[in-house]
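See below for final-v2.cif, which holds mmCIF, C-alpha atoms.
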```cif
data_coords
loop_
_atom_site.label_atom_id
_atom_site.label_comp_id
_atom_site.auth_asym_id
_atom_site.auth_seq_id
_atom_site.Cartn_x
_atom_site.Cartn_y
_atom_site.Cartn_z
CA VAL D 1 78.65 39.13 69.01
CA VAL D 2 81.78 40.14 70.96
CA MET D 3 82.57 43.86 70.77
CA THR D 4 86.16 44.98 71.23
CA LEU D 5 87.05 48.17 73.09
CA ALA D 6 87.73 49.86 69.74
CA ASP D 7 84.27 48.85 68.47
CA SER D 8 82.66 50.21 71.64
CA PHE D 9 84.58 53.47 71.26
CA GLN D 10 83.54 53.91 67.64
CA SER D 11 79.94 53.16 68.54
CA ALA D 12 80.09 55.71 71.38
CA VAL D 13 81.51 58.42 69.09
CA ARG D 14 78.80 57.72 66.47
CA ALA D 15 76.10 58.02 69.14
CA ILE D 16 77.52 61.37 70.30
CA ALA D 17 77.82 62.65 66.71
CA ALA D 18 74.23 61.62 65.95
CA ASN D 19 72.93 64.22 68.45
CA LYS D 20 75.45 67.03 68.00
CA LEU D 21 73.52 69.89 69.64
CA ARG D 22 72.49 67.78 72.62
CA SER D 23 76.06 66.52 73.06
CA VAL D 24 77.50 70.05 72.91
CA LEU D 25 75.00 71.35 75.47
CA THR D 26 75.73 68.35 77.70
CA MET D 27 79.48 68.99 77.54
CA LEU D 28 79.04 72.69 78.34
CA GLY D 29 79.01 72.16 82.09
CA VAL D 30 82.32 70.27 81.92
CA VAL D 31 83.83 72.90 79.59
CA ILE D 32 82.90 75.72 81.97
CA GLY D 33 84.03 73.74 85.02
CA VAL D 34 87.48 72.81 83.66
CA GLY D 35 88.01 76.26 82.15
CA SER D 36 87.01 77.96 85.42
CA VAL D 37 89.33 75.82 87.55
CA ILE D 38 92.31 76.54 85.28
CA ALA D 39 91.53 80.26 84.97
CA MET D 40 90.84 80.76 88.68
CA ILE D 41 94.02 78.99 89.82
CA GLY D 42 96.10 80.63 87.05
CA ILE D 43 94.93 84.15 87.91
CA GLY D 44 95.36 83.49 91.64
CA GLU D 45 98.91 82.25 91.06
CA GLY D 46 99.68 85.26 88.85
CA THR D 47 98.39 87.63 91.52
CA LYS D 48 100.57 85.89 94.11
CA GLN D 49 103.67 86.18 91.93
CA LYS D 50 103.00 89.88 91.32
CA SER D 51 102.51 90.55 95.03
CA LEU D 52 105.69 88.66 95.95
CA GLU D 53 107.66 90.47 93.26
CA ASN D 54 106.46 93.83 94.64
CA ILE D 55 107.93 92.85 98.02
CA ARG D 56 111.15 91.33 96.61
CA VAL D 57 112.03 94.44 94.60
CA MET D 58 112.23 96.27 97.94
CA GLY D 59 114.59 93.63 99.36
CA THR D 60 113.64 90.46 101.25
CA ASP D 61 115.86 91.32 104.25
CA MET D 62 114.22 94.68 105.00
CA ILE D 63 112.33 95.52 108.17
CA THR D 64 110.14 98.63 108.28
CA VAL D 65 109.13 100.46 111.46
CA MET D 66 106.20 102.90 111.41
CA PRO D 67 104.21 104.79 114.06
CA ASP D 68 101.00 102.99 114.99
CA TRP D 69 98.42 105.79 114.70
CA ARG D 70 95.67 103.26 115.45
CA ARG D 71 96.78 103.32 119.09
CA GLY D 72 98.59 106.62 119.46
CA GLY D 73 96.46 108.78 117.19
CA GLN D 74 97.86 111.59 115.03
CA SER D 75 97.73 114.24 117.77
CA GLY D 76 98.63 111.79 120.54
CA GLY D 77 101.54 110.39 118.54
CA VAL D 78 103.19 113.68 117.55
CA GLY D 79 102.03 115.90 120.37
CA SER D 80 103.16 113.57 123.13
CA GLY D 81 106.50 112.85 121.48
CA MET D 82 105.55 109.25 120.82
CA ALA D 83 106.29 109.38 117.08
CA LEU D 84 109.55 107.92 115.77
CA LYS D 85 112.53 110.19 116.33
CA PRO D 86 116.11 110.45 115.00
CA GLU D 87 117.44 109.12 118.33
CA ASP D 88 115.49 105.90 117.71
CA VAL D 89 117.63 105.34 114.62
CA GLU D 90 120.77 105.72 116.73
CA ASP D 91 119.42 103.27 119.35
CA LEU D 92 118.59 100.66 116.70
CA ARG D 93 121.91 101.15 114.91
CA LYS D 94 123.67 99.60 117.94
CA LEU D 95 121.77 96.30 117.67
CA PRO D 96 123.99 93.34 116.61
CA THR D 97 121.47 92.05 114.06
CA VAL D 98 121.12 95.41 112.26
CA LYS D 99 123.36 95.81 109.24
CA LEU D 100 122.07 99.10 107.74
CA ILE D 101 119.48 101.62 108.91
CA SER D 102 117.91 104.86 107.70
CA GLY D 103 115.17 107.11 108.98
CA ALA D 104 112.72 108.52 106.44
CA VAL D 105 110.01 111.13 106.06
CA ARG D 106 107.33 110.97 103.41
CA SER D 107 104.73 113.16 101.72
CA ASN D 108 102.58 113.05 98.60
CA ASP D 109 103.25 116.00 96.32
CA ARG D 110 103.21 116.98 92.66
CA ALA D 111 106.54 117.12 90.88
CA LYS D 112 106.77 119.44 87.85
CA PHE D 113 109.11 119.70 84.89
CA GLY D 114 108.16 122.33 82.34
CA SER D 115 104.53 121.73 81.38
CA ARG D 116 104.53 118.17 82.72
CA SER D 117 103.60 117.18 86.25
CA HIS D 118 103.14 113.97 88.21
CA GLN D 119 101.65 113.24 91.66
CA THR D 120 104.06 110.98 93.52
CA SER D 121 105.62 110.04 96.87
CA ILE D 122 108.49 112.21 98.06
CA LEU D 123 110.82 110.28 100.36
CA GLY D 124 113.43 112.04 102.44
CA VAL D 125 116.09 109.42 103.21
CA GLU D 126 119.72 108.92 104.10
CA PRO D 127 121.93 107.85 101.14
CA ILE D 128 122.26 104.32 102.58
CA MET D 129 118.54 103.80 101.83
CA ALA D 130 119.60 102.97 98.25
CA VAL D 131 121.19 99.76 99.54
CA ILE D 132 118.41 98.96 102.05
CA ARG D 133 115.70 99.34 99.39
CA ASN D 134 117.63 97.45 96.74
CA ALA D 135 117.76 100.58 94.55
CA THR D 136 121.51 100.85 93.87
CA LYS D 137 121.13 99.92 90.18
CA LEU D 138 120.64 103.19 88.35
CA HIS D 139 119.31 103.91 84.88
CA SER D 140 121.48 107.03 84.83
CA GLY D 141 123.30 109.41 87.16
CA ALA D 142 124.20 108.75 90.80
CA TRP D 143 122.76 108.87 94.33
CA PHE D 144 123.22 111.87 96.60
CA THR D 145 125.92 111.64 99.28
CA GLU D 146 126.11 112.10 103.04
CA ALA D 147 127.64 115.53 102.36
CA ASP D 148 124.54 116.47 100.30
CA ASP D 149 122.38 115.40 103.25
CA ALA D 150 124.45 117.34 105.78
CA LEU D 151 124.39 120.48 103.62
CA MET D 152 120.65 120.05 102.92
CA GLU D 153 121.21 120.15 99.16
CA ARG D 154 118.14 120.22 96.92
CA LYS D 155 118.99 117.11 94.92
CA ALA D 156 116.63 114.37 93.74
CA VAL D 157 116.82 110.78 92.54
CA LEU D 158 113.76 109.75 90.52
CA GLY D 159 111.97 106.41 90.44
CA TYR D 160 111.68 105.15 86.87
CA LEU D 161 107.94 105.82 86.55
CA VAL D 162 108.38 109.44 87.68
CA TYR D 163 111.26 109.85 85.21
CA ASP D 164 109.15 108.41 82.39
CA GLU D 165 106.19 110.66 83.21
CA LEU D 166 108.24 113.86 83.46
CA PHE D 167 110.96 113.31 80.86
CA LYS D 168 109.42 110.78 78.42
CA GLY D 169 112.69 108.88 78.01
CA GLU D 170 114.89 111.97 77.48
CA ASN D 171 117.98 112.76 79.56
CA ALA D 172 117.03 113.93 83.05
CA ILE D 173 120.44 114.33 84.69
CA GLY D 174 121.12 117.97 85.50
CA ALA D 175 117.52 119.02 84.83
CA THR D 176 115.59 121.05 87.40
CA ILE D 177 112.20 119.90 88.69
CA LYS D 178 109.89 121.71 91.08
CA ILE D 179 108.48 120.17 94.27
CA LYS D 180 106.25 122.44 96.37
CA GLY D 181 107.57 125.39 94.37
CA GLN D 182 111.21 124.59 95.23
CA ASN D 183 113.83 123.75 92.61
CA PHE D 184 115.51 120.35 92.84
CA GLU D 185 118.34 119.16 90.61
CA VAL D 186 117.87 115.65 89.22
CA ILE D 187 121.11 113.75 89.81
CA GLY D 188 119.95 110.16 89.29
CA VAL D 189 117.24 107.83 87.95
CA VAL D 190 116.68 104.41 89.57
CA ASP D 191 116.46 101.53 87.11
CA TYR D 192 112.99 100.06 86.42
CA LYS D 193 111.96 97.66 89.21
CA GLY D 194 108.44 96.66 88.13
CA GLY D 195 106.59 97.47 91.34
CA SER D 196 102.96 98.52 91.68
CA GLY D 197 100.39 99.64 94.23
CA PHE D 198 101.13 101.41 97.52
CA MET D 199 104.78 102.45 97.98
CA ASN D 200 105.63 101.47 94.39
CA PRO D 201 109.44 101.91 94.23
CA ASP D 202 109.15 103.16 90.63
CA ASP D 203 106.72 105.91 91.68
CA GLN D 204 108.90 107.76 94.20
CA ILE D 205 111.33 110.65 94.38
CA TYR D 206 114.22 110.33 96.84
CA ILE D 207 115.74 113.47 98.36
CA PRO D 208 118.21 113.94 101.27
CA LEU D 209 116.58 113.40 104.68
CA LYS D 210 117.65 116.73 106.23
CA THR D 211 116.55 118.60 103.09
CA ALA D 212 113.11 116.99 103.34
CA GLN D 213 112.78 117.61 107.09
CA GLN D 214 113.96 121.21 107.28
CA ARG D 215 113.49 122.70 103.81
CA LEU D 216 110.50 120.89 102.29
CA MET D 217 108.23 119.23 104.86
CA GLY D 218 109.03 120.91 108.17
CA LYS D 219 109.16 117.62 110.10
CA THR D 220 111.41 116.88 113.07
CA ASN D 221 110.05 113.37 113.64
CA LEU D 222 110.31 110.41 111.25
CA ASP D 223 107.50 108.75 109.32
CA MET D 224 109.34 105.43 109.13
CA ILE D 225 112.62 103.67 109.81
CA SER D 226 113.98 101.12 107.32
CA VAL D 227 116.36 98.44 108.55
CA GLN D 228 118.39 95.83 106.71
CA ALA D 229 119.14 92.78 108.84
CA ILE D 230 122.53 91.06 108.75
CA SER D 231 120.87 88.08 107.00
CA THR D 232 117.44 86.84 106.03
CA ASP D 233 117.75 84.01 108.58
CA LEU D 234 118.18 86.51 111.42
CA MET D 235 115.12 88.58 110.45
CA PRO D 236 112.87 87.24 113.28
CA ILE D 237 115.58 87.90 115.89
CA ALA D 238 116.23 91.39 114.47
CA GLN D 239 112.50 92.16 114.56
CA THR D 240 112.24 91.08 118.21
CA GLN D 241 115.28 93.18 119.18
CA ILE D 242 113.86 96.23 117.37
CA GLU D 243 110.49 95.84 119.10
CA ASP D 244 112.10 95.42 122.52
CA THR D 245 114.38 98.44 122.02
CA LEU D 246 111.61 100.76 120.84
CA ALA D 247 109.14 99.55 123.47
CA ILE D 248 111.22 101.17 126.22
CA LYS D 249 110.50 104.71 124.89
CA ARG D 250 107.59 104.26 122.50
CA ARG D 251 104.89 102.78 124.73
CA SER D 252 101.59 104.36 125.74
CA ALA D 253 100.37 104.81 129.32
CA ALA D 254 98.21 101.71 128.81
CA GLY D 255 101.33 99.68 127.98
CA GLU D 256 100.65 99.39 124.23
CA ASN D 257 103.42 99.84 121.68
CA LEU D 258 102.96 102.99 119.60
CA PHE D 259 104.77 101.54 116.59
CA ARG D 260 104.44 98.69 114.13
CA VAL D 261 107.26 96.55 112.75
CA PHE D 262 106.87 94.94 109.32
CA ASN D 263 109.07 92.00 108.37
CA GLN D 264 109.35 91.46 104.58
CA GLY D 265 109.83 87.72 105.09
CA GLU D 266 106.62 87.50 107.15
CA MET D 267 104.74 89.47 104.51
CA ILE D 268 105.90 86.99 101.85
CA GLN D 269 104.71 84.05 103.98
CA GLN D 270 101.36 85.73 104.61
CA ILE D 271 100.82 86.40 100.90
CA GLN D 272 101.71 82.80 100.02
CA THR D 273 99.33 81.42 102.65
CA GLN D 274 96.48 83.76 101.75
CA THR D 275 96.74 83.18 98.00
CA GLN D 276 96.97 79.42 98.53
CA LEU D 277 93.75 79.47 100.57
CA LEU D 278 92.13 81.75 97.99
CA GLY D 279 93.23 79.41 95.20
CA PHE D 280 91.64 76.40 96.95
CA LEU D 281 88.45 78.39 97.53
CA LEU D 282 88.22 79.52 93.89
CA ALA D 283 89.01 76.01 92.61
CA GLY D 284 86.32 74.59 94.90
CA ILE D 285 83.75 77.07 93.59
CA ALA D 286 84.74 76.31 89.99
CA SER D 287 84.55 72.55 90.67
CA VAL D 288 80.83 72.94 91.38
CA SER D 289 80.42 73.57 87.63
CA LEU D 290 82.03 70.19 86.98
CA LEU D 291 79.58 68.48 89.33
CA VAL D 292 76.65 70.27 87.67
CA GLY D 293 78.04 69.20 84.30
CA GLY D 294 78.30 65.61 85.55
CA ILE D 295 74.67 65.62 86.67
CA GLY D 296 73.70 66.94 83.22
CA ILE D 297 75.63 64.08 81.59
CA MET D 298 73.89 61.50 83.80
CA ASN D 299 70.52 62.99 82.88
CA ILE D 300 71.23 62.89 79.13
CA MET D 301 72.67 59.36 79.31
CA LEU D 302 69.51 58.13 81.09
CA VAL D 303 67.44 59.73 78.32
CA SER D 304 69.71 58.07 75.75
CA VAL D 305 69.25 54.65 77.37
CA THR D 306 65.48 55.11 77.29
CA GLU D 307 65.53 56.19 73.62
CA ARG D 308 67.69 53.25 72.59
CA THR D 309 65.95 50.54 74.60
CA ARG D 310 64.85 48.62 71.45
CA GLU D 311 68.39 48.88 70.01
CA ILE D 312 69.83 47.43 73.22
CA GLY D 313 67.27 44.61 73.20
CA LEU D 314 68.08 43.80 69.57
CA ARG D 315 71.81 43.72 70.21
CA LYS D 316 71.33 41.45 73.22
CA ALA D 317 69.03 39.17 71.24
CA ILE D 318 71.75 38.56 68.63
CA GLY D 319 74.38 37.81 71.28
CA ALA D 320 75.80 41.10 72.59
CA LYS D 321 77.34 40.67 76.03
CA ARG D 322 76.32 42.72 79.06
CA GLU D 323 79.94 43.98 79.41
CA GLY D 324 79.90 45.29 75.82
CA ILE D 325 76.70 47.31 76.42
CA LEU D 326 78.12 48.65 79.71
CA THR D 327 81.42 49.64 78.07
CA GLN D 328 79.74 51.41 75.16
CA PHE D 329 77.49 53.62 77.30
CA LEU D 330 80.26 54.30 79.83
CA LEU D 331 82.57 55.32 76.98
CA GLU D 332 79.94 57.72 75.64
CA SER D 333 79.92 59.52 78.99
CA VAL D 334 83.72 59.53 79.32
CA VAL D 335 84.27 60.73 75.72
CA MET D 336 81.93 63.68 76.28
CA CYS D 337 83.78 64.60 79.49
CA VAL D 338 87.20 64.22 77.86
CA LEU D 339 86.16 66.40 74.90
CA GLY D 340 84.63 68.92 77.27
CA GLY D 341 87.80 68.86 79.39
CA ALA D 342 90.03 69.44 76.34
CA ILE D 343 87.92 72.40 75.19
CA GLY D 344 87.84 73.70 78.79
CA ILE D 345 91.66 73.61 78.97
CA VAL D 346 91.95 75.77 75.84
CA LEU D 347 89.27 78.23 77.03
CA GLY D 348 90.78 78.33 80.55
CA TRP D 349 94.21 79.12 79.08
CA LEU D 350 92.75 81.92 76.94
CA ALA D 351 90.71 83.30 79.87
CA THR D 352 93.82 83.29 82.09
CA ARG D 353 95.79 85.35 79.54
CA VAL D 354 92.97 87.83 78.90
CA VAL D 355 92.06 88.43 82.56
CA ALA D 356 95.70 88.49 83.70
CA LYS D 357 96.47 91.13 81.07
CA SER D 358 93.55 93.30 82.23
CA LEU D 359 94.66 92.94 85.89
CA GLN D 360 98.31 93.52 84.92
CA VAL D 361 99.52 90.32 86.55
CA PRO D 362 101.60 87.55 84.91
CA PRO D 363 99.45 84.82 83.30
CA VAL D 364 100.32 81.55 85.02
CA VAL D 365 99.04 78.41 83.31
CA ASN D 366 99.42 75.92 86.13
CA THR D 367 100.25 72.42 84.82
CA THR D 368 99.07 70.82 88.07
CA ALA D 369 95.71 72.62 87.75
CA ILE D 370 95.33 71.39 84.15
CA VAL D 371 96.08 67.77 85.11
CA MET D 372 93.77 67.93 88.15
CA ALA D 373 90.89 69.56 86.23
CA PHE D 374 91.23 67.17 83.29
CA GLY D 375 91.52 64.13 85.56
CA PHE D 376 88.50 65.30 87.55
CA SER D 377 86.48 65.66 84.33
CA VAL D 378 87.33 62.03 83.39
CA LEU D 379 86.29 60.88 86.87
CA VAL D 380 83.04 62.84 86.49
CA GLY D 381 82.38 60.97 83.23
CA LEU D 382 83.04 57.61 84.87
CA PHE D 383 81.05 58.37 88.02
CA PHE D 384 77.98 59.92 86.44
CA GLY D 385 78.02 57.60 83.42
CA LEU D 386 78.20 54.41 85.46
CA TYR D 387 74.57 54.28 86.58
CA PRO D 388 73.03 54.84 83.11
CA ALA D 389 75.51 52.31 81.64
CA LEU D 390 74.60 49.72 84.30
CA ARG D 391 70.92 50.36 83.68
CA ALA D 392 71.42 49.80 79.94
CA SER D 393 73.43 46.59 80.46
CA ARG D 394 70.77 45.12 82.79
CA LEU D 395 67.86 45.44 80.36
CA GLN D 396 66.29 42.09 79.48
CA PRO D 397 66.22 41.44 75.68
CA ILE D 398 62.51 40.48 75.55
CA GLU D 399 61.41 43.46 77.69
CA ALA D 400 63.61 45.80 75.66
CA LEU D 401 62.26 44.55 72.29
CA ARG D 402 58.67 45.09 73.52
CA TYR D 403 59.45 48.72 74.50
CA GLU D 404 57.66 51.33 72.41
#
```

Please, can you express the file's structure as structure tokens?
Amino acid sequence: VVMTLADSFQSAVRAIAANKLRSVLTMLGVVIGVGSVIAMIGIGEGTKQKSLENIRVMGTDMITVMPDWRRGGQSGGVGSGMALKPEDVEDLRKLPTVKLISGAVRSNDRAKFGSRSHQTSILGVEPIMAVIRNATKLHSGAWFTEADDALMERKAVLGYLVYDELFKGENAIGATIKIKGQNFEVIGVVDYKGGSGFMNPDDQIYIPLKTAQQRLMGKTNLDMISVQAISTDLMPIAQTQIEDTLAIKRRSAAGENLFRVFNQGEMIQQIQTQTQLLGFLLAGIASVSLLVGGIGIMNIMLVSVTERTREIGLRKAIGAKREGILTQFLLESVVMCVLGGAIGIVLGWLATRVVAKSLQVPPVVNTTAIVMAFGFSVLVGLFFGLYPALRASRLQPIEALRYE
């Protein structure tokens, strides 16, 4: 009797259907493995996209300079005059690779409007910071001017989250909010940027630099300096020039720089590298489930061969070829892995959406991950099903018919 591939497939499906519970439990390892690979890679990719977006909303050509308190220490940095100073801004402004620059001071305070209040970051900046931080697009109103800064006007531009918390979507322009008991007139609201975490651009209030230094915070030094390079390509050169310029005045007795320079482009590269490594690690861990599932399939297929020894002997006695027996048992293994892989894809997609929503990151269903996980599940079926199938095809008809 010569069995076609279609006959072998039908026979394999019937054998799987005959032991439904056992087949489902056998496929479970593959389902979990495929689903885990897809979910892990999808969530990792979503986290990467969210992190990159948080950096891009601030501008990809921005360089940030901050005092390095790890080396200078709070008292050593301020007391010894090693903190960033307004003259540092003027020194850096002369560099050929610097397009725009602004010093800034920062504090965490509670802003109040009527009965509503919100804890947020207060940033004292020069008006040009709107361009450097990619915050020129306004929901309403306008930015304060250089004249407002020079006159130390109490004017404020709200990040969208602060505006939403204090005004609940109502008009804010012209309203008066209180910061540290002082009245500030709201003159603008920055459009929603979709940031999150530390230094979220939506969760900030911008006020004139001199107002912040002399009227609100009492700071003469700067907490940070933000620089926009002439172009993204010149970022590394600009960073080197900034470091060299500041190192002349801002270096400790031990020769260590008392400042840190952050390059947005470098941060993007670091995030991409780290999330890629994390994705490989998570996919590797999830792939262990596939291997465990494959071992389970081999175990069940060996049991199946033992249970059907007389059937195999009978089929061989009436003329079944060795290749037909091999194909049938191999197909049983592959079909279980394919079904498990298909179910795993659906569950992995659902898990990605659910977990991504809870983590507030975009759900990324990676097509490459789906193809790789599904292909791997088929290979698992072939690899772990081959030995039981070979064992079945090698049974001698007489020995098989005698088996009890």

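Here the PyMOL selection byres ((chain D and resi 240) around 12) catches exactly these residues: Ile63, Val65, Leu92, Leu95, Thr97, Val98, Ala229, Leu234, Met235, Pro236, Ile237, Ala238, Gln239, Gln241, Ile242, Glu243, Asp244, Thr245, Leu246, Ala247, Arg260, Val261, Phe262 and Asn263 of chain D.
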
- prompt: In Å, with one decimal, what is the gap from atom CA of Arg154 of chain D to atom CA of Phe184 of chain D?
  reply: 4.9 Å

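In this comparison, which uses only C-alpha atoms, the residue of D:Ala320, D:Ala111, D:Ala39, D:Val30 approaching Thr367 of chain D most closely is D:Ala39.
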
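What the PyMOL selection byres ((chain D and resi 294) around 10) matches in the given file is Thr26, Met27, Gly29, Val30, Gly33, Val288, Ser289, Leu290, Leu291, Val292, Gly293, Ile295, Gly296, Ile297, Met298, Asn299, Ile300, Ser333, Cys337, Ser377, Val378, Leu379, Val380, Gly381, Leu382, Phe383, Phe384 and Gly385 of chain D.
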
Residues matched by the PyMOL selection byres ((chain D and resi 199-210) around 8) as a VMD selection string: chain D and resid 54 57 to 58 103 to 105 120 to 127 144 148 to 150 152 to 162 190 192 to 198 211 to 215

query: atom CA of Glu53 of chain D to atom CA of Gln264 of chain D: how many Å, to one decimal?
result: 11.5 Å

- request: For Lys99 of chain D, list every protein, DNA or RNA residue within 8 Å, evaluated using only C-alpha atoms, and leave out those in the same chain fewer than 4 positions away; present the list as a ChimeraX atom specification.
  value: /D:93,227-230

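Here atom CA of Gly42 of chain D is placed at a distance of 25.7 Å from atom CA of Val334 of chain D.
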
- request: Counting all atoms listed in the file, select every polymer residue within 9 Å of (113.9, 105.2, 119.7) as defined in the file's coordinates, and provide the selection as number ranges by chain.
  value: D: 84-92, 245-250

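Among D:Arg133, D:Arg353, D:Lys20, D:Arg251, the residue with the shortest atom-to-atom distance to Met62 of chain D, counting only C-alpha atoms, is D:Arg133.
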
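Among the candidates D:Gln10, D:Thr47, D:Gln270, D:Thr64, the residue lying nearest to Gln360 of chain D is D:Thr47 (atoms considered: all atoms listed in the file).
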
message: Please determine, counting all atoms listed in the file, which residue among D:Leu314, D:Ala18, D:Ile173, D:Met372 has the shortest atom-to-atom distance to Val37 of chain D.
response: D:Met372

field: Option closest in space to Lys178 of chain D, from D:Thr220, D:Glu307, D:Gly114, D:Lys137 [counting all atoms listed in the file]
entry: D:Gly114

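Using only C-alpha atoms, the nearest neighbour of Gly284 of chain D within the list D:Val189, D:Ile101, D:Val346, D:Ala373 is D:Ala373.
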
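By chain and then residue number, the residues within 9 Å of Ser11 of chain D are D:Ala6, D:Asp7, D:Ala15, D:Ile16, D:Gln328, D:Glu332, counting all atoms listed in the file and disregarding those fewer than 4 positions away in sequence.
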
Please rebuild segment 326-333 of chain D with all heavy atoms and give the result as a short mmCIF file (atom, residue, chain, number, x, y, z; two decimals), keeping the file's coordinate frame.
```cif
data_model
loop_
_atom_site.label_atom_id
_atom_site.label_comp_id
_atom_site.auth_asym_id
_atom_site.auth_seq_id
_atom_site.Cartn_x
_atom_site.Cartn_y
_atom_site.Cartn_z
N LEU D 326 77.63 47.78 78.62
CA LEU D 326 78.12 48.65 79.71
C LEU D 326 79.27 49.53 79.24
O LEU D 326 79.29 50.75 79.47
CB LEU D 326 78.57 47.77 80.88
CG LEU D 326 79.22 48.49 82.08
CD1 LEU D 326 78.20 49.34 82.81
CD2 LEU D 326 79.85 47.48 83.05
N THR D 327 80.24 48.91 78.55
CA THR D 327 81.42 49.64 78.07
C THR D 327 81.04 50.74 77.10
O THR D 327 81.55 51.87 77.18
CB THR D 327 82.42 48.67 77.40
OG1 THR D 327 82.78 47.65 78.32
CG2 THR D 327 83.67 49.40 76.95
N GLN D 328 80.12 50.43 76.17
CA GLN D 328 79.74 51.41 75.16
C GLN D 328 79.13 52.66 75.80
O GLN D 328 79.53 53.79 75.50
CB GLN D 328 78.75 50.82 74.16
CG GLN D 328 78.36 51.82 73.08
CD GLN D 328 77.17 51.36 72.25
OE1 GLN D 328 76.87 50.17 72.20
NE2 GLN D 328 76.51 52.30 71.60
N PHE D 329 78.17 52.47 76.70
CA PHE D 329 77.49 53.62 77.30
C PHE D 329 78.42 54.38 78.26
O PHE D 329 78.34 55.61 78.36
CB PHE D 329 76.22 53.16 78.03
CG PHE D 329 75.06 52.99 77.10
CD1 PHE D 329 74.84 51.79 76.44
CD2 PHE D 329 74.18 54.05 76.86
CE1 PHE D 329 73.78 51.64 75.58
CE2 PHE D 329 73.11 53.89 76.00
CZ PHE D 329 72.90 52.70 75.35
N LEU D 330 79.30 53.63 78.94
CA LEU D 330 80.26 54.30 79.83
C LEU D 330 81.24 55.13 79.01
O LEU D 330 81.59 56.27 79.38
CB LEU D 330 81.00 53.25 80.66
CG LEU D 330 81.78 53.77 81.88
CD1 LEU D 330 80.86 54.55 82.82
CD2 LEU D 330 82.42 52.60 82.63
N LEU D 331 81.66 54.59 77.86
CA LEU D 331 82.57 55.32 76.98
C LEU D 331 81.93 56.57 76.42
O LEU D 331 82.60 57.60 76.26
CB LEU D 331 83.05 54.42 75.84
CG LEU D 331 84.23 53.49 76.17
CD1 LEU D 331 84.50 52.56 75.00
CD2 LEU D 331 85.49 54.30 76.48
N GLU D 332 80.64 56.53 76.14
CA GLU D 332 79.94 57.72 75.64
C GLU D 332 80.07 58.85 76.66
O GLU D 332 80.36 60.01 76.32
CB GLU D 332 78.46 57.42 75.40
CG GLU D 332 78.18 56.73 74.09
CD GLU D 332 76.69 56.57 73.83
OE1 GLU D 332 75.94 57.51 74.16
OE2 GLU D 332 76.29 55.51 73.32
N SER D 333 79.84 58.53 77.93
CA SER D 333 79.92 59.52 78.99
C SER D 333 81.34 60.05 79.14
O SER D 333 81.57 61.26 79.23
CB SER D 333 79.46 58.90 80.32
OG SER D 333 79.62 59.80 81.38
#
```
